[in-house]
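Coordinates from final-v1.tsv are shown below (TSV, C-alpha atoms and all ligand atoms).
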chain	number	residue	atom	x	y	z
L	1	MET	CA	84.60	83.77	82.54
L	2	ARG	CA	86.62	84.23	85.70
L	3	ILE	CA	88.57	87.39	86.49
L	4	PHE	CA	91.28	87.00	89.08
L	5	ILE	CA	92.29	90.36	90.53
L	6	LEU	CA	96.07	90.10	90.89
L	7	GLY	CA	96.29	93.79	91.68
L	8	CYS	CA	93.88	96.72	91.64
L	9	GLY	CA	95.76	99.54	93.37
L	10	GLY	CA	96.24	102.94	91.75
L	11	SER	CA	99.91	102.65	92.68
L	12	ARG	CA	102.29	100.33	94.45
L	13	GLY	CA	102.59	100.36	98.23
L	14	ILE	CA	101.96	98.36	101.38
L	15	ASP	CA	98.73	96.43	100.74
L	16	SER	CA	98.43	97.87	97.25
L	17	ARG	CA	99.45	95.97	94.16
L	18	PRO	CA	99.30	97.71	90.77
L	19	THR	CA	96.70	96.84	88.13
L	20	ALA	CA	96.57	93.36	86.60
L	21	PHE	CA	93.54	91.13	86.01
L	22	LEU	CA	94.01	87.51	84.96
L	23	ILE	CA	91.12	86.34	82.79
L	24	ASP	CA	90.62	82.60	83.15
L	25	GLU	CA	94.22	81.53	82.95
L	26	SER	CA	95.82	82.71	79.76
L	27	LEU	CA	94.84	86.34	79.18
L	28	LEU	CA	96.34	89.06	81.35
L	29	LEU	CA	94.78	92.52	81.33
L	30	ASP	CA	97.50	95.03	82.25
L	31	SER	CA	100.70	93.80	83.83
L	32	GLY	CA	101.29	95.77	87.02
L	33	THR	CA	101.37	92.55	89.07
L	34	ALA	CA	101.91	88.90	88.13
L	35	SER	CA	105.25	87.28	88.86
L	36	GLU	CA	105.14	88.07	92.59
L	37	VAL	CA	101.73	86.46	93.15
L	38	LEU	CA	101.48	83.66	90.57
L	39	SER	CA	103.52	80.46	90.51
L	40	LEU	CA	106.00	80.07	87.68
L	41	GLU	CA	103.70	77.50	86.07
L	42	ASP	CA	100.74	79.91	86.23
L	43	CYS	CA	102.90	82.69	84.78
L	44	ALA	CA	103.89	80.38	81.94
L	45	ARG	CA	100.20	79.79	81.05
L	46	ILE	CA	99.77	83.46	80.14
L	47	ASP	CA	99.73	83.53	76.33
L	48	ASN	CA	98.44	87.04	75.77
L	49	ILE	CA	98.75	90.35	77.58
L	50	LEU	CA	96.52	93.34	76.88
L	51	ILE	CA	97.80	96.75	77.90
L	52	THR	CA	95.53	99.77	78.45
L	53	HIS	CA	98.38	102.32	78.39
L	54	ALA	CA	102.07	102.60	79.19
L	55	HIS	CA	101.95	104.22	82.64
L	56	ILE	CA	104.31	102.38	84.96
L	57	ASP	CA	101.61	101.05	87.33
L	58	HIS	CA	100.11	99.12	84.40
L	59	ILE	CA	103.33	97.63	83.03
L	60	CYS	CA	105.78	97.41	85.95
L	61	ASP	CA	105.74	93.63	86.25
L	62	LEU	CA	106.10	93.06	82.51
L	63	PRO	CA	109.95	92.86	82.55
L	64	PHE	CA	109.92	90.32	85.41
L	65	LEU	CA	107.03	88.27	84.02
L	66	VAL	CA	108.62	87.86	80.58
L	67	GLU	CA	111.95	86.95	82.14
L	68	ALA	CA	110.36	84.47	84.58
L	69	VAL	CA	108.82	82.35	81.81
L	70	PHE	CA	111.54	82.78	79.24
L	71	ASP	CA	112.85	79.26	79.60
L	72	LEU	CA	109.47	77.60	80.26
L	73	ARG	CA	107.60	78.65	77.14
L	74	LYS	CA	108.09	77.47	73.58
L	75	GLU	CA	105.73	80.02	72.06
L	76	PRO	CA	106.13	83.78	72.47
L	77	ILE	CA	103.91	85.82	74.75
L	78	PHE	CA	101.86	88.23	72.65
L	79	LEU	CA	101.67	91.76	74.00
L	80	TYR	CA	98.71	93.74	72.65
L	81	GLY	CA	98.30	97.48	72.91
L	82	ILE	CA	97.64	100.59	70.89
L	83	LYS	CA	100.56	101.88	68.80
L	84	GLU	CA	101.66	104.56	71.29
L	85	ALA	CA	101.72	102.13	74.24
L	86	ILE	CA	103.71	99.51	72.33
L	87	GLU	CA	106.19	102.14	71.15
L	88	ASP	CA	106.65	103.47	74.68
L	89	ILE	CA	107.22	100.00	76.15
L	90	SER	CA	109.68	98.98	73.44
L	91	SER	CA	111.62	102.27	73.44
L	92	HIS	CA	111.63	103.11	77.15
L	93	LEU	CA	111.31	99.85	79.11
L	94	LEU	CA	112.27	96.67	77.22
L	95	ASN	CA	114.83	98.59	75.20
L	96	GLY	CA	118.06	96.72	75.88
L	97	THR	CA	119.18	99.37	78.38
L	98	ILE	CA	116.62	99.48	81.18
L	99	TRP	CA	115.86	95.76	80.64
L	100	PRO	CA	116.63	93.25	77.87
L	101	ASP	CA	114.72	93.58	74.61
L	102	PHE	CA	112.89	90.24	74.74
L	103	SER	CA	111.44	90.80	71.27
L	104	ARG	CA	114.95	90.10	69.89
L	105	ILE	CA	116.26	87.44	72.29
L	106	PRO	CA	117.70	84.96	71.43
L	107	ASN	CA	116.97	86.32	67.94
L	108	PRO	CA	114.00	88.17	66.40
L	109	LYS	CA	112.62	84.95	64.81
L	110	GLU	CA	112.52	82.89	68.00
L	111	ALA	CA	111.91	85.74	70.43
L	112	LYS	CA	109.73	85.05	73.48
L	113	LEU	CA	107.86	88.36	73.29
L	114	SER	CA	105.89	89.48	70.27
L	115	TYR	CA	104.29	92.92	69.97
L	116	LYS	CA	100.83	93.23	68.44
L	117	THR	CA	99.43	96.66	67.66
L	118	LEU	CA	95.71	97.13	68.20
L	119	LYS	CA	93.54	99.52	66.26
L	120	PRO	CA	91.09	101.41	68.47
L	121	LEU	CA	87.45	100.46	67.91
L	122	GLU	CA	88.32	97.35	65.89
L	123	ASN	CA	87.25	94.02	67.34
L	124	LEU	CA	90.05	91.52	67.66
L	125	LYS	CA	89.93	87.80	68.36
L	126	ILE	CA	92.44	86.77	71.04
L	127	GLY	CA	92.14	83.07	71.88
L	128	SER	CA	88.47	82.50	72.70
L	129	TYR	CA	87.82	86.18	73.45
L	130	THR	CA	86.67	89.05	71.30
L	131	VAL	CA	88.31	92.21	72.51
L	132	LEU	CA	87.30	95.76	71.64
L	133	PRO	CA	89.78	98.54	72.52
L	134	ILE	CA	87.90	101.79	73.21
L	135	PRO	CA	89.81	105.10	73.50
L	136	VAL	CA	89.35	106.84	76.86
L	137	ASN	CA	90.36	110.24	78.22
L	138	HIS	CA	93.69	110.05	80.06
L	139	THR	CA	96.96	112.05	80.05
L	140	VAL	CA	98.58	109.62	77.57
L	141	PRO	CA	96.94	107.65	74.74
L	142	SER	CA	94.86	105.00	76.51
L	143	VAL	CA	92.10	102.53	75.87
L	144	GLY	CA	89.58	100.66	77.95
L	145	TYR	CA	88.47	97.21	76.84
L	146	LEU	CA	85.29	95.26	76.27
L	147	VAL	CA	86.14	91.56	76.67
L	148	ASP	CA	83.53	89.10	75.42
L	149	ASP	CA	83.79	85.30	75.37
L	150	GLY	CA	80.49	84.79	73.54
L	151	LYS	CA	78.63	83.88	76.74
L	152	THR	CA	79.45	86.79	79.03
L	153	ALA	CA	81.33	90.06	78.74
L	154	PHE	CA	82.82	92.73	80.94
L	155	ALA	CA	84.21	96.20	80.35
L	156	PHE	CA	87.24	97.84	81.96
L	157	THR	CA	87.70	101.61	81.74
L	158	GLY	CA	91.45	101.56	82.42
L	159	ASP	CA	92.58	104.99	83.64
L	160	THR	CA	90.22	107.69	82.49
L	161	TYR	CA	88.61	111.07	83.13
L	162	LEU	CA	85.20	111.96	81.66
L	163	THR	CA	84.37	110.12	78.44
L	164	ASN	CA	81.29	109.47	76.34
L	165	SER	CA	82.45	107.05	73.67
L	166	PHE	CA	83.36	104.30	76.14
L	167	TRP	CA	79.77	104.16	77.42
L	168	GLU	CA	78.28	104.37	73.93
L	169	LYS	CA	80.37	101.44	72.70
L	170	ILE	CA	79.54	99.03	75.53
L	171	GLN	CA	75.90	100.07	75.98
L	172	ASN	CA	74.34	97.55	73.61
L	173	ASN	CA	76.34	94.43	74.44
L	174	GLU	CA	73.69	92.03	75.71
L	175	ARG	CA	76.25	89.74	77.34
L	176	LEU	CA	77.71	92.58	79.45
L	177	ARG	CA	77.64	91.48	83.11
L	178	ALA	CA	80.19	93.71	84.81
L	179	ILE	CA	82.01	97.01	84.58
L	180	ILE	CA	85.33	97.67	86.23
L	181	ILE	CA	85.66	101.44	86.60
L	182	GLU	CA	88.38	103.52	88.16
L	183	ALA	CA	88.03	105.97	91.08
L	184	SER	CA	91.53	107.16	91.94
L	185	PHE	CA	91.02	110.20	94.17
L	186	PRO	CA	88.50	111.30	96.82
L	187	ASN	CA	85.87	113.92	95.96
L	188	ARG	CA	88.00	116.47	97.86
L	189	LEU	CA	90.75	116.13	95.23
L	190	GLU	CA	88.54	116.66	92.17
L	191	GLU	CA	90.95	119.26	90.76
L	192	MET	CA	93.83	116.77	91.03
L	193	ALA	CA	91.64	114.20	89.24
L	194	ARG	CA	90.96	116.71	86.45
L	195	ILE	CA	94.65	117.54	85.98
L	196	THR	CA	95.83	113.91	86.06
L	197	LYS	CA	92.74	112.69	84.16
L	198	HIS	CA	91.30	110.28	86.67
L	199	LEU	CA	87.90	109.94	88.37
L	200	THR	CA	86.63	110.62	91.88
L	201	PRO	CA	83.61	108.71	93.27
L	202	ASP	CA	81.27	111.63	92.34
L	203	LEU	CA	82.70	111.83	88.80
L	204	MET	CA	82.51	108.05	88.55
L	205	ALA	CA	78.79	108.14	89.48
L	206	ARG	CA	78.25	110.77	86.79
L	207	GLU	CA	80.02	108.54	84.27
L	208	LEU	CA	77.96	105.50	85.25
L	209	SER	CA	74.74	107.46	84.72
L	210	LYS	CA	75.67	107.57	81.00
L	211	LEU	CA	75.24	103.81	80.88
L	212	ASN	CA	71.59	103.06	80.68
L	213	ARG	CA	71.83	99.58	82.18
L	214	MET	CA	70.60	98.29	85.53
L	215	ASP	CA	71.72	94.71	84.89
L	216	VAL	CA	75.48	95.01	85.32
L	217	GLU	CA	77.67	94.67	88.39
L	218	ILE	CA	79.90	97.65	89.17
L	219	TYR	CA	83.41	97.08	90.51
L	220	VAL	CA	85.59	100.02	91.50
L	221	THR	CA	89.34	99.89	91.00
L	222	HIS	CA	92.57	101.96	90.99
L	223	LEU	CA	92.15	103.69	94.38
L	224	LYS	CA	95.38	105.57	95.15
L	225	PRO	CA	96.91	104.04	98.30
L	226	PHE	CA	97.70	107.40	99.96
L	227	CYS	CA	94.01	108.40	99.98
L	228	ARG	CA	92.33	104.99	99.90
L	229	LYS	CA	90.43	105.44	103.18
L	230	GLU	CA	88.91	108.70	102.01
L	231	VAL	CA	87.92	107.25	98.61
L	232	VAL	CA	86.34	104.25	100.36
L	233	ALA	CA	84.34	106.61	102.62
L	234	ASP	CA	83.13	108.57	99.54
L	235	LEU	CA	82.20	105.31	97.79
L	236	ASP	CA	80.36	104.08	100.90
L	237	SER	CA	78.10	107.10	100.89
L	238	LEU	CA	77.43	106.55	97.18
L	239	SER	CA	76.67	102.88	97.61
L	240	LYS	CA	73.27	103.70	99.15
L	241	LYS	CA	72.01	104.77	95.72
L	242	LEU	CA	74.48	102.92	93.51
L	243	PRO	CA	75.18	99.22	94.09
L	244	LEU	CA	78.94	98.91	93.80
L	245	LYS	CA	81.76	96.76	95.05
L	246	ILE	CA	85.28	97.95	95.74
L	247	LEU	CA	87.84	95.59	94.25
L	248	GLU	CA	90.54	94.12	96.44
L	249	ASP	CA	93.79	92.40	95.52
L	250	GLY	CA	93.27	88.63	95.39
L	251	MET	CA	89.52	88.81	94.73
L	252	GLN	CA	87.83	86.74	92.02
L	253	ILE	CA	84.91	87.77	89.86
L	254	LYS	CA	82.87	85.04	88.25
L	255	LEU	CA	80.65	86.17	85.39
L	301	ZN	ZN	97.11	103.77	86.61
L	302	ZN	ZN	97.55	106.11	83.90

Now, as a test, write the supplied structure out as structure tokens.
Ligand SMILES: [Zn+2]
Ligand SMILES: [Zn+2]
Amino acid sequence: MRIFILGCGGSRGIDSRPTAFLIDESLLLDSGTASEVLSLEDCARIDNILITHAHIDHICDLPFLVEAVFDLRKEPIFLYGIKEAIEDISSHLLNGTIWPDFSRIPNPKEAKLSYKTLKPLENLKIGSYTVLPIPVNHTVPSVGYLVDDGKTAFAFTGDTYLTNSFWEKIQNNERLRAIIIEASFPNRLEEMARITKHLTPDLMARELSKLNRMDVEIYVTHLKPFCRKEVVADLDSLSKKLPLKILEDGMQIKL
């Protein structure tokens, strides 16, 4: 499995593209970035999109991506998310007012976007992947994902504060090779992290200690651009005891 990091910023800004990971070539995990970095042909190869939650930094390219491939694809793009995320996207973003409702254009039968509601903690087969949505602890209903292709697997926390169930659910997957975990704010802003339900490097290290595995790579994502330097410095001092890599836009992970 290859994971192409289209964007891994905790917001949009200069040198910071919002969250989107392209898995191999047809599965997109969150849709904060796609149409501005992929060719039209590569965009058109995306058959399925998995959404962690409906915050704007995880869905902001969705309107442009769906529009970009509208004429190129015969089959619809399937958009997977938990009920609350799908409802928020369809009522507040692709609602016919803010942007066209592509689930009804040109008509509901032949529409180029199809919503699929996921049930938390139920495995789902999407193409050649088995995907497990795991509820996490954020300000809006959110899930992280365990993505497994039968040979290798990785887990993505999405946006989260402290959680136990995420670690319990991924713990025993023997194909697990990598974890992508968020660290949005520096240790100095721990109170801000608590209020907005995100992690700091220290909280992230505490979370990782719940996973009793030494055999997985740790990738850190979702650093907020306004405090990136400070988060990187905090992560650097952690990296002496905890082997971790900070994700960057454009990077590729091969599992
Ligand atoms: Zn976010
Ligand atoms: Zn969020």

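The protein and nucleic acid residues lying at most 7 Å from segment 77-84 of chain L are Asp47, Asn48, Ile49, Leu50, Ile51, Thr52, Lys112, Leu113, Ser114, Tyr115, Lys116, Thr117, Leu118, Lys119 and Pro141 of chain L, with all atoms listed in the file considered and sequence neighbours fewer than 6 positions away removed.
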
- List all protein, DNA and RNA residues that have an atom no more than 7 Å from any atom of ligand ZN 302 (chain L), counting all atoms listed in the file, and report them as an NGL selection string. :L and (53 or 55 or 138 or 159)

Test item: which residues lie within 12 Å of (114.1, 88.7, 70.3) counting all atoms listed in the file, as a PDB file with C-alpha atoms, in the coordinates of the input:
ATOM      1  CA  VAL L  66     108.620  87.860  80.580  1.00  0.00           C
ATOM      2  CA  PHE L  70     111.540  82.780  79.240  1.00  0.00           C
ATOM      3  CA  PRO L  76     106.130  83.780  72.470  1.00  0.00           C
ATOM      4  CA  ILE L  77     103.910  85.820  74.750  1.00  0.00           C
ATOM      5  CA  SER L  90     109.680  98.980  73.440  1.00  0.00           C
ATOM      6  CA  LEU L  94     112.270  96.670  77.220  1.00  0.00           C
ATOM      7  CA  ASN L  95     114.830  98.590  75.200  1.00  0.00           C
ATOM      8  CA  GLY L  96     118.060  96.720  75.880  1.00  0.00           C
ATOM      9  CA  PRO L 100     116.630  93.250  77.870  1.00  0.00           C
ATOM     10  CA  ASP L 101     114.720  93.580  74.610  1.00  0.00           C
ATOM     11  CA  PHE L 102     112.890  90.240  74.740  1.00  0.00           C
ATOM     12  CA  SER L 103     111.440  90.800  71.270  1.00  0.00           C
ATOM     13  CA  ARG L 104     114.950  90.100  69.890  1.00  0.00           C
ATOM     14  CA  ILE L 105     116.260  87.440  72.290  1.00  0.00           C
ATOM     15  CA  PRO L 106     117.700  84.960  71.430  1.00  0.00           C
ATOM     16  CA  ASN L 107     116.970  86.320  67.940  1.00  0.00           C
ATOM     17  CA  PRO L 108     114.000  88.170  66.400  1.00  0.00           C
ATOM     18  CA  LYS L 109     112.620  84.950  64.810  1.00  0.00           C
ATOM     19  CA  GLU L 110     112.520  82.890  68.000  1.00  0.00           C
ATOM     20  CA  ALA L 111     111.910  85.740  70.430  1.00  0.00           C
ATOM     21  CA  LYS L 112     109.730  85.050  73.480  1.00  0.00           C
ATOM     22  CA  LEU L 113     107.860  88.360  73.290  1.00  0.00           C
ATOM     23  CA  SER L 114     105.890  89.480  70.270  1.00  0.00           C
ATOM     24  CA  TYR L 115     104.290  92.920  69.970  1.00  0.00           C
TER      25      TYR L 115
END

- Nearby residues (all atoms listed in the file) at most 9 Å from Thr157 of chain L, same-chain spacing under 6 positions excluded, as a PyMOL selection string: chain L and resi 52+134+136+143-146+166+179-182

Write out, as a tab-separated table, each residue of chain L that has an atom at most 7 Å from ligand ZN 301 (chain L), together with the closest pair of atoms and their distance in Å to one decimal, counting all atoms listed in the file, rows going by chain and rising number.
residue	atom	partner	partner_atom	distance
L:Gly10	CA	L:ZN301	ZN	5.3
L:Ser11	CA	L:ZN301	ZN	6.8
L:His55	CA	L:ZN301	ZN	6.3
L:Asp57	CA	L:ZN301	ZN	5.3
L:His58	CA	L:ZN301	ZN	6.0
L:Asp159	CA	L:ZN301	ZN	5.6
L:His222	CA	L:ZN301	ZN	6.6
